[in-house]
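**Student:** Got a file for you: my_file_17.txt, compact mmCIF, C-alpha atoms.
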# COMPACT_ATOMS: atom_id res chain seq x y z
CA MET K 1 -45.80 27.49 39.63
CA ARG K 2 -45.39 29.24 36.28
CA SER K 3 -44.16 27.21 33.36
CA ALA K 4 -43.08 28.25 29.88
CA ILE K 5 -43.79 26.07 26.87
CA LEU K 6 -41.48 27.31 24.11
CA VAL K 7 -42.67 26.85 20.53
CA ALA K 8 -41.97 28.20 17.05
CA PRO K 9 -44.69 29.94 15.00
CA GLN K 10 -45.45 26.63 13.30
CA GLY K 11 -44.52 22.98 13.37
CA VAL K 12 -44.84 22.02 17.04
CA GLU K 13 -46.14 18.47 17.43
CA GLN K 14 -49.68 19.12 18.64
CA SER K 15 -49.88 16.33 21.23
CA GLU K 16 -46.52 17.38 22.66
CA LEU K 17 -47.93 20.87 23.22
CA THR K 18 -51.45 20.04 24.37
CA SER K 19 -50.71 17.10 26.66
CA PRO K 20 -48.15 18.89 28.90
CA LEU K 21 -50.27 22.06 28.77
CA ARG K 22 -53.29 20.13 30.03
CA ALA K 23 -51.31 18.17 32.66
CA LEU K 24 -49.71 21.32 34.05
CA THR K 25 -53.02 23.20 34.11
CA GLU K 26 -54.82 20.33 35.86
CA ALA K 27 -52.02 20.22 38.45
CA GLY K 28 -52.57 23.89 39.27
CA ALA K 29 -49.58 25.27 37.39
CA HIS K 30 -49.85 28.29 35.15
CA PRO K 31 -48.36 27.26 31.79
CA GLN K 32 -47.82 29.90 29.15
CA VAL K 33 -47.09 29.42 25.46
CA VAL K 34 -43.95 31.39 24.61
CA ALA K 35 -43.04 32.00 20.95
CA PRO K 36 -40.86 34.32 18.88
CA LEU K 37 -43.88 36.10 17.36
CA PRO K 38 -47.22 37.25 18.82
CA GLY K 39 -50.56 35.87 17.67
CA THR K 40 -51.01 32.16 17.22
CA VAL K 41 -48.88 29.11 16.50
CA LEU K 42 -49.83 26.38 14.06
CA ALA K 43 -49.38 22.89 15.47
CA TYR K 44 -48.91 19.76 13.41
CA ASN K 45 -50.07 16.18 13.75
CA TYR K 46 -46.92 14.61 12.35
CA LEU K 47 -46.86 16.12 8.82
CA GLU K 48 -50.45 17.39 8.69
CA PRO K 49 -51.40 20.88 9.88
CA GLY K 50 -53.33 20.78 13.13
CA ASP K 51 -54.93 23.42 15.31
CA THR K 52 -53.76 26.92 16.15
CA PHE K 53 -52.97 28.02 19.69
CA PRO K 54 -52.64 31.51 21.13
CA VAL K 55 -49.24 32.83 22.12
CA ASP K 56 -49.32 34.08 25.70
CA VAL K 57 -46.00 35.89 25.65
CA THR K 58 -43.30 36.51 23.06
CA LEU K 59 -39.64 35.74 23.56
CA ASP K 60 -38.91 39.47 23.58
CA GLU K 61 -41.27 39.87 26.54
CA ALA K 62 -40.31 36.65 28.36
CA SER K 63 -37.57 36.08 30.89
CA ALA K 64 -36.52 32.82 32.51
CA ALA K 65 -36.77 34.72 35.81
CA ASP K 66 -40.56 34.84 35.28
CA PHE K 67 -40.92 31.05 35.15
CA ASP K 68 -40.21 28.02 37.33
CA LEU K 69 -40.06 25.38 34.59
CA LEU K 70 -39.42 25.16 30.84
CA VAL K 71 -41.05 22.62 28.51
CA LEU K 72 -39.66 22.06 25.00
CA PRO K 73 -42.12 20.13 22.83
CA GLY K 74 -40.89 18.52 19.64
CA GLY K 75 -41.90 18.55 16.05
CA VAL K 76 -39.09 18.67 13.49
CA PRO K 77 -39.95 22.11 12.03
CA ASN K 78 -40.57 23.54 15.50
CA SER K 79 -37.30 22.36 17.02
CA ASP K 80 -35.23 23.16 13.96
CA ALA K 81 -36.59 26.73 13.79
CA LEU K 82 -36.02 27.36 17.50
CA ARG K 83 -32.44 26.12 17.51
CA LEU K 84 -31.70 28.72 14.82
CA HIS K 85 -33.39 31.55 16.77
CA GLN K 86 -30.83 33.20 19.07
CA GLY K 87 -33.50 34.50 21.43
CA ALA K 88 -34.87 30.98 21.90
CA VAL K 89 -31.37 29.57 22.50
CA ASP K 90 -30.65 32.29 25.05
CA PHE K 91 -34.00 31.64 26.77
CA VAL K 92 -33.13 27.94 27.14
CA ARG K 93 -29.62 28.73 28.42
CA ALA K 94 -31.08 31.07 31.04
CA PHE K 95 -33.06 28.23 32.63
CA PHE K 96 -29.90 26.16 32.98
CA ALA K 97 -27.94 29.14 34.35
CA ALA K 98 -30.67 29.70 36.94
CA GLY K 99 -30.81 26.00 37.92
CA LYS K 100 -34.45 25.69 36.87
CA PRO K 101 -35.91 22.43 35.54
CA VAL K 102 -36.18 21.86 31.81
CA ALA K 103 -38.24 19.14 30.11
CA ALA K 104 -37.80 18.27 26.41
CA ILE K 105 -39.56 15.61 24.36
CA CYS K 106 -38.96 14.06 20.94
CA HIS K 107 -37.03 16.61 18.80
CA GLY K 108 -37.08 19.21 21.62
CA PRO K 109 -33.55 18.20 22.74
CA TRP K 110 -32.17 19.78 19.54
CA GLN K 111 -32.58 23.08 21.37
CA LEU K 112 -30.54 21.69 24.26
CA VAL K 113 -27.73 20.78 21.86
CA GLU K 114 -27.71 24.31 20.44
CA ALA K 115 -27.69 25.79 23.96
CA ASP K 116 -24.71 23.54 24.86
CA ALA K 117 -26.74 22.20 27.78
CA VAL K 118 -26.31 18.42 27.50
CA ARG K 119 -22.59 17.93 28.09
CA GLY K 120 -22.23 15.34 30.87
CA ARG K 121 -25.98 14.70 31.04
CA THR K 122 -27.89 11.47 30.40
CA VAL K 123 -30.83 12.00 28.06
CA THR K 124 -33.25 10.39 25.68
CA SER K 125 -34.98 11.72 22.56
CA TRP K 126 -36.40 10.74 19.20
CA PRO K 127 -33.84 8.15 18.00
CA SER K 128 -32.57 10.25 15.08
CA LEU K 129 -31.14 12.81 17.54
CA ARG K 130 -28.95 10.18 19.20
CA THR K 131 -25.78 11.13 17.29
CA ASP K 132 -26.34 14.88 17.72
CA LEU K 133 -26.76 14.45 21.47
CA ARG K 134 -23.73 12.19 21.80
CA ASN K 135 -21.63 14.62 19.75
CA ALA K 136 -22.74 17.38 22.14
CA GLY K 137 -21.39 15.39 25.10
CA ALA K 138 -24.50 13.61 26.35
CA THR K 139 -25.02 9.96 27.14
CA TRP K 140 -28.04 8.89 25.10
CA MET K 141 -30.40 6.15 26.32
CA ASP K 142 -33.41 4.59 24.59
CA GLU K 143 -35.89 5.02 27.43
CA GLN K 144 -39.45 6.25 27.79
CA VAL K 145 -38.35 9.09 30.07
CA ARG K 146 -35.04 10.07 31.66
CA VAL K 147 -34.66 12.38 34.63
CA CYS K 148 -31.08 13.62 34.94
CA THR K 149 -29.96 15.55 38.01
CA ASN K 150 -26.26 15.42 37.12
CA GLY K 151 -25.93 19.11 36.34
CA PRO K 152 -27.06 22.57 37.36
CA ASN K 153 -30.75 21.64 37.14
CA THR K 154 -33.16 18.76 36.67
CA LEU K 155 -33.35 17.77 33.01
CA ILE K 156 -36.30 15.62 31.92
CA THR K 157 -36.26 14.10 28.43
CA SER K 158 -38.53 11.73 26.59
CA ARG K 159 -38.62 10.02 23.19
CA MET K 160 -41.96 10.52 21.47
CA PRO K 161 -45.70 11.19 21.76
CA ALA K 162 -46.32 7.60 22.90
CA ASP K 163 -44.26 8.45 26.01
CA LEU K 164 -46.28 11.54 27.00
CA ASP K 165 -47.83 9.94 30.09
CA ALA K 166 -44.38 9.13 31.49
CA PHE K 167 -43.05 12.54 30.42
CA ASN K 168 -45.94 14.42 32.04
CA GLY K 169 -45.60 12.29 35.18
CA ALA K 170 -41.92 13.18 35.52
CA VAL K 171 -42.66 16.87 34.93
CA LEU K 172 -45.42 16.86 37.56
CA ASP K 173 -43.19 14.98 40.03
CA GLU K 174 -40.51 17.66 39.58
CA MET K 175 -43.09 20.39 39.95
CA SER K 176 -44.46 18.94 43.19
CA ALA K 177 -40.94 18.47 44.58
CA ARG K 178 -40.38 22.22 44.13
CA THR K 179 -43.61 23.39 45.78
Could you render the structure from this file as structure tokens?

**Tutor:**
Amino acid sequence: MRSAILVAPQGVEQSELTSPLRALTEAGAHPQVVAPLPGTVLAYNYLEPGDTFPVDVTLDEASAADFDLLVLPGGVPNSDALRLHQGAVDFVRAFFAAGKPVAAICHGPWQLVEADAVRGRTVTSWPSLRTDLRNAGATWMDEQVRVCTNGPNTLITSRMPADLDAFNGAVLDEMSART
């Protein structure tokens, strides 16, 4: 199973990139870091710069048809930059149009709002996104992880880095259900 992890050139929350990347790799998936620009991305540990990670494929080269699953890590600068990047928004929309699973954690659901992909869905996120998600037509819940199948695909959302074990577990459960 090939999975895309969509990130901006900088500002992705490091644990929200590395933990799903590691979980997917250990489960035998083939995750790829997808970003608007080639080279590397700079992750953050909250507000402090973290490590850099190689970009496997750019948005210009990527197609939802090439992947089975999309992961949207958070990080305020990361999610804010991606929701303003039309190519990233179109990439997210393509997963929903194809009925492929999408998993978003922390501030990652901002991209779902921009893609108009949460209307009628039940989701969770970092608490400050609650109003944005409700205004976009979602039902927001304060839960560690939420798996919503009320729509064209499975949508997995989670609140924060402390919930990564539950988030990764839900992603891996969805992956194994599809193989």

**Student:** Kindly indicate which residue among K:Pro38, K:Gly120, K:Pro101, K:Gly28 lies nearest to K:Asn150, using all atoms listed in the file for the distances.

**Tutor:**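 Using all atoms listed in the file, K:Asn150 sits closest to K:Gly120.
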
**Student:** In Å, with one decimal, what is the gap from atom CA of K:Phe53 to atom CA of K:Trp110?

**Tutor:**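 Going from atom CA of K:Phe53 over to atom CA of K:Trp110, I get 22.4 Å.
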
**Student:** My list of candidates is K:Val123, K:Glu13, K:Met1, K:Asp51. Which is closest to K:Ala177 when distances are computed with all atoms listed in the file?

**Tutor:**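 Among the listed residues, K:Met1 lies closest to K:Ala177.
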
**Student:** Could you work out how far atom CA of K:Ala103 lies from atom CA of K:Asp132, giving the answer in Å with one decimal?

**Tutor:**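 Atom CA of K:Asp132 sits 17.7 Å away from atom CA of K:Ala103.
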
**Student:** Go ahead and compute the interatomic distance for atom CA of K:Ile5 and atom CA of K:Ser128, in Å to one decimal.

**Tutor:**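 Going from atom CA of K:Ile5 over to atom CA of K:Ser128 covers 22.7 Å.
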
**Student:** Measuring between all atoms listed in the file, which one of K:Asn168, K:Ser79, K:Thr179, K:Thr58 shows the shortest distance to K:Thr18?

**Tutor:**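 Of all the options, K:Asn168 lies closest to K:Thr18.
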
**Student:** Between K:Thr157, K:Pro49, K:Met175, K:Val147, single out the one closest to K:Phe67, counting only C-alpha atoms.

**Tutor:**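 For K:Phe67, the nearest of the given residues is K:Met175.
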
**Student:** From the list K:Gln14, K:Gln32, K:Ser125, K:Asn78, which residue is nearest K:Ala104 when using only C-alpha atoms?

**Tutor:**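 The shortest atom-to-atom distance to K:Ala104 comes from K:Ser125.
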
**Student:** At a cut-off of 10 Å from (-34.2, 26.0, 36.1) in the coordinates of the file, what residues are picked up using only C-alpha atoms, written as a list in words?

**Tutor:**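 Looking at atoms near the point gives Ala64, Ala65, Phe67, Asp68, Leu69, Leu70, Val92, Arg93, Ala94, Phe95, Phe96, Ala97, Ala98, Gly99, Lys100, Pro101, Val102, Ala103, Pro152, Asn153, Thr154 and Leu155 of chain K.
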
**Student:** Store the residues picked out above in a file with C-alpha atoms, as a JSON list (two decimals), keeping the file's coordinate frame.

**Tutor:**
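File written: part_22.json
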[["chain", "number", "residue", "atom", "x", "y", "z"],
["K", 64, "ALA", "CA", -36.52, 32.82, 32.51],
["K", 65, "ALA", "CA", -36.77, 34.72, 35.81],
["K", 67, "PHE", "CA", -40.92, 31.05, 35.15],
["K", 68, "ASP", "CA", -40.21, 28.02, 37.33],
["K", 69, "LEU", "CA", -40.06, 25.38, 34.59],
["K", 70, "LEU", "CA", -39.42, 25.16, 30.84],
["K", 92, "VAL", "CA", -33.13, 27.94, 27.14],
["K", 93, "ARG", "CA", -29.62, 28.73, 28.42],
["K", 94, "ALA", "CA", -31.08, 31.07, 31.04],
["K", 95, "PHE", "CA", -33.06, 28.23, 32.63],
["K", 96, "PHE", "CA", -29.90, 26.16, 32.98],
["K", 97, "ALA", "CA", -27.94, 29.14, 34.35],
["K", 98, "ALA", "CA", -30.67, 29.70, 36.94],
["K", 99, "GLY", "CA", -30.81, 26.00, 37.92],
["K", 100, "LYS", "CA", -34.45, 25.69, 36.87],
["K", 101, "PRO", "CA", -35.91, 22.43, 35.54],
["K", 102, "VAL", "CA", -36.18, 21.86, 31.81],
["K", 103, "ALA", "CA", -38.24, 19.14, 30.11],
["K", 152, "PRO", "CA", -27.06, 22.57, 37.36],
["K", 153, "ASN", "CA", -30.75, 21.64, 37.14],
["K", 154, "THR", "CA", -33.16, 18.76, 36.67],
["K", 155, "LEU", "CA", -33.35, 17.77, 33.01]]

**Student:** What would the list of residues within 10 Å of (-47.0, 35.0, 22.6) (file frame) look like as a list in words, if only C-alpha atoms are what count?

**Tutor:**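 Checked against the point, the hits come out as Leu6, Val7, Pro9, Gln32, Val33, Val34, Ala35, Pro36, Leu37, Pro38, Gly39, Thr40, Val41, Phe53, Pro54, Val55, Asp56, Val57, Thr58, Leu59, Asp60, Glu61 and Ala62 of chain K.
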
**Student:** Kindly indicate which residue among K:Trp140, K:Phe167, K:Phe91, K:Tyr46 lies nearest to K:Val118, using only C-alpha atoms for the distances.

**Tutor:**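 Nearest to K:Val118: K:Trp140.
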